[in-house]
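> Below is a structure I'd like to ask you about.
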Amino acid sequence: MTILPFWTPSFLFPFIETSMYIPMKKIMFSLLLLMFSAAGFSQTSVLPMDERGKYIFLEVVELPVVKKDVMSANAKRFFKGYSKSIKLNSSEGDTAFYGKGKMILSKNLIGVGHPTGEAKYNISLELRNGKYRLILTDFIVTPYERDRYGNFVPVTVSTALEKSPGKLNNAEWEKNMAFIATESRKIAEKLKTIMSNTIKDPKPEAKKPAAVSTATW
Amino acid sequence: MKLKSILTIALLSIVSATYAQEAAEAPLQISGSVDTYFKYDFAKAPNIKTYFANEQNSVSIGMIDLALKKTTGKASFVGELSFGPRGQSQSIPNGPDGDSFHIQNLYVNYAFTDKFSMTAGYMGTFVGYEVISPAANFNYSTSYLFGAGPFQNAGIKGTYAFSEKVSLMVGLFNDWNVYQDLNGVSHVGAQLMVAPVEGWSAYLNFLSGYSAGAGGTGTIFDLTTAYQVTDKFKLGLNAADYSVTNDNGGYSGVALYPQYAFTPAVSLGLRGEYFNIKGKGEMSDKSITSVTLSGNIKAGGLTFIPEIRLDGDKDFSQEFVKTSGALSKTASQFSLAAVYAF
């Protein structure tokens with residue numbers, strides 16, 4: 001018996017066993033489900049504003065099992081190892097760390113797209129007994145334009161995220177805001193992973209997986 | 001039913017995996033633009049012969065432009081294809097069979113370090129202020145300097161960034177605007193970029209060589225600079241001098257580009273240009289002046305460019321005519337262009 005993929009419309013192969021076919025209605029339902037799941041990825045979200053009227057990503061995480069000195073070491077590891085996109089500028093003892101970050105805004109769909117701009121921001125990480133607070137704020141957006149060589153480069157004007165984009169460019173602003181909110185959450189997740197470490201000097205992850213022995217089996 | 005459920009889950013998993021891969025690898029970049037325009041010359045003749053907004057009293061097309069870029073580790077490529085009058089006969093050469101290759105950019109790049117990279121292939125020129133892509137110009141019609149200078153330079157070049165504020169490019173190039181150099185790689189070029197303060201960049205360009213069939217060695221010096229004076233006001237400048245040895249002419253000129261943004265979506269820009277055509281041998285120089293006022297009204301990826309232009313040609317080198325057909329020292333035109341960039 002020849003079995004066709006379930007999405008094959010039955011009218012294409014009427015001579016083949018049809019017991020495995022799924023009616024078009026179900027295929028359409030599956031496609032709709034996929035579209036909704038894709039829409040879920042692209043739904044807009046807006047960061048809240050703080051008392052200064054600045055958009056802010058703020059997260060307080062309780063880590064009662066992590067000792068204070070370990071938490072401080074974790075924070076330093078985060079700033080040292082996150083990527084070139086976050087740089088530590090100053091710190092107050094071992095309890096507060098302040099830096100600057102940059103995220104590249106982009107239009108991407110299924111591995112295809114291009115950068116549309118960059119957002120620079122201030123990052124602060126403050127530690128207290130058993131908890132820490134992450135703040136990303138003061139977002140400044142610089143759009144990209146394509147240069148003569150086909151590369152995307154920043155334009156010369158940057159604007160605060162709070163500045164009204166006007167009716168004509170509101171859709172672009174909403175996309176940027178959604179992207180910034182999503183990226184902020186990713187940074188927070190990465191930080192949480194590092195801060196949850198309970199050993200003061202953890203061994204770095206092995207870059208190469210252990211060799212697999214083929215001699216014995 | 002069980003099989004159907006498994007297949008549905010598998011399909012959803014493939015979609016999820018695609019999103020996961022996206023995060024791990026730089027995506028294939030696809031970008032481009034389309035442009036269309038209406039141009040009306042007040043003498044009802046196609047008087048102003050600078051590039052792209054050429055067709056009189058017609059809703060005409062520019063080009064559809066598609067650029068691909070992919071970066072894998074330190075290596076990358078750019079391939080940019082264009083279709084339409086602006087992207088074919090008006091800006092790139094045809095192949096030996098007379099057909100267009102449609103290629104504006106086709107090059108590979110390797111970044112040996114954060115500071116040093118090398119690029120080889122067919123590239124948009126490094127000389128000049130204005131470019132072929134309508135999405136990267138403020139004015140829709142182009143300057144005389146743009147039309148007289150190179151459009152593309154095929155070759156191999158190395159770029160070293162001394163800092164974020166200073167970089168130097170040096171390269172060997174083909175003749176201007178050719179896919180194949182018939183007299184061998186014959187040009188040497190360089191570009192010094194300096195960015196003294198935030199918002200100000202300046203490019204000092206040099207290109208010299210002996211083109212196939214030319215009467216002498218052509219050398220161009222070009223300064224292209226722009227300064228974002230305030231959030232709303234930007235000032236650009238392009239100055240160039242081109243000479244061909246053995247008294248074979250050339251050109252020189254300067255163009256100033258003040259632009260003012262009333263809002264992020266609405267801005268107004270002026271281009272004032274003086275252009276001089278150097279006379280060959282005993283012939284005298286001929287000069288042209290041009291003033292172009294353009295608006296940019298942006299809505300998402302779409303930009304409308306209404307434009308008024310007035311050119312002066314006291315030496316009659318451009319052969320402007322009046323409505324009656326008599327020669328004129330001036331020409332004026334209105335155009336409205338729509339450019340969508342994605």
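Every chain in the structure tokens takes a letter, A first, then B, and so on in the order presented; its residues are numbered from 1, and the ligands are numbered from 1 following the presented order.
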Could the residues of chain B within 7 Å of chain A, counting only C-alpha atoms, be given as a compact mmCIF listing (two decimals) with N, CA and C atoms, in the first residue's frame, please?


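Writing done, so here's iface-v5.txt:
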# COMPACT_ATOMS: atom_id res chain seq x y z
N THR B 18 12.70 25.84 12.96
CA THR B 18 13.12 26.92 12.07
C THR B 18 13.37 28.18 12.88
N TYR B 19 12.48 28.46 13.84
CA TYR B 19 12.67 29.64 14.68
C TYR B 19 13.94 29.50 15.52
N GLU B 22 17.03 30.10 13.49
CA GLU B 22 17.15 31.52 13.17
C GLU B 22 18.00 32.24 14.21
N PRO B 27 20.68 35.38 9.59
CA PRO B 27 19.75 35.03 8.51
C PRO B 27 20.24 35.55 7.16
N LEU B 28 19.71 34.96 6.11
CA LEU B 28 19.94 35.50 4.77
C LEU B 28 19.23 36.84 4.71
N GLN B 29 19.98 37.89 4.37
CA GLN B 29 19.36 39.22 4.29
C GLN B 29 18.79 39.44 2.89
N ILE B 30 17.54 39.82 2.85
CA ILE B 30 16.93 40.20 1.58
C ILE B 30 16.39 41.61 1.74
N SER B 31 16.79 42.49 0.86
CA SER B 31 16.30 43.86 0.93
C SER B 31 16.21 44.41 -0.49
N ALA B 67 18.51 42.86 -3.17
CA ALA B 67 19.87 42.58 -2.68
C ALA B 67 19.84 41.40 -1.70
N VAL B 78 27.58 39.67 -1.07
CA VAL B 78 26.44 40.52 -1.43
C VAL B 78 26.18 40.34 -2.91
N ASN B 105 25.74 44.88 -7.65
CA ASN B 105 26.79 44.49 -6.72
C ASN B 105 26.92 42.98 -6.74
N MET B 123 31.44 46.18 -7.47
CA MET B 123 30.87 46.94 -6.34
C MET B 123 30.40 48.31 -6.77
N GLY B 124 29.37 48.80 -6.10
CA GLY B 124 28.98 50.19 -6.27
C GLY B 124 30.19 51.07 -5.99
N VAL B 131 23.89 57.95 -5.09
CA VAL B 131 24.04 56.56 -5.50
C VAL B 131 22.93 56.16 -6.46
N ALA B 136 18.45 55.49 -1.18
CA ALA B 136 19.56 56.06 -0.42
C ALA B 136 19.85 57.51 -0.80
N GLY B 199 28.21 62.28 14.26
CA GLY B 199 27.31 62.87 13.27
C GLY B 199 28.02 63.45 12.06
N GLN B 228 25.50 65.95 10.57
CA GLN B 228 24.19 66.10 11.20
C GLN B 228 24.35 67.18 12.27
N ASP B 231 19.46 67.52 15.43
CA ASP B 231 18.56 66.40 15.11
C ASP B 231 17.76 66.68 13.85
N ALA B 265 8.82 62.19 9.82
CA ALA B 265 8.23 61.72 8.57
C ALA B 265 8.31 62.74 7.44
N ALA B 299 6.18 57.14 5.01
CA ALA B 299 5.16 56.37 5.73
C ALA B 299 5.61 54.92 5.69
N GLY B 300 6.18 54.44 6.78
CA GLY B 300 6.74 53.09 6.79
C GLY B 300 7.85 53.00 5.76

> Return as a ChimeraX atom specification the full set of residues in region 24-201 of chain A whose backbone-based DSSP assignment is strand (DSSP E).

/A:56-62,86-92,96-109,112-128,131-146,152-154,159-160

> Please compute the CA of Ser89 (chain B)-CA of Gly62 (chain B) distance, one decimal, in Å.

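Taking CA of Ser89 (chain B) as the start and CA of Gly62 (chain B) as the end point, the length is 11.2 Å.
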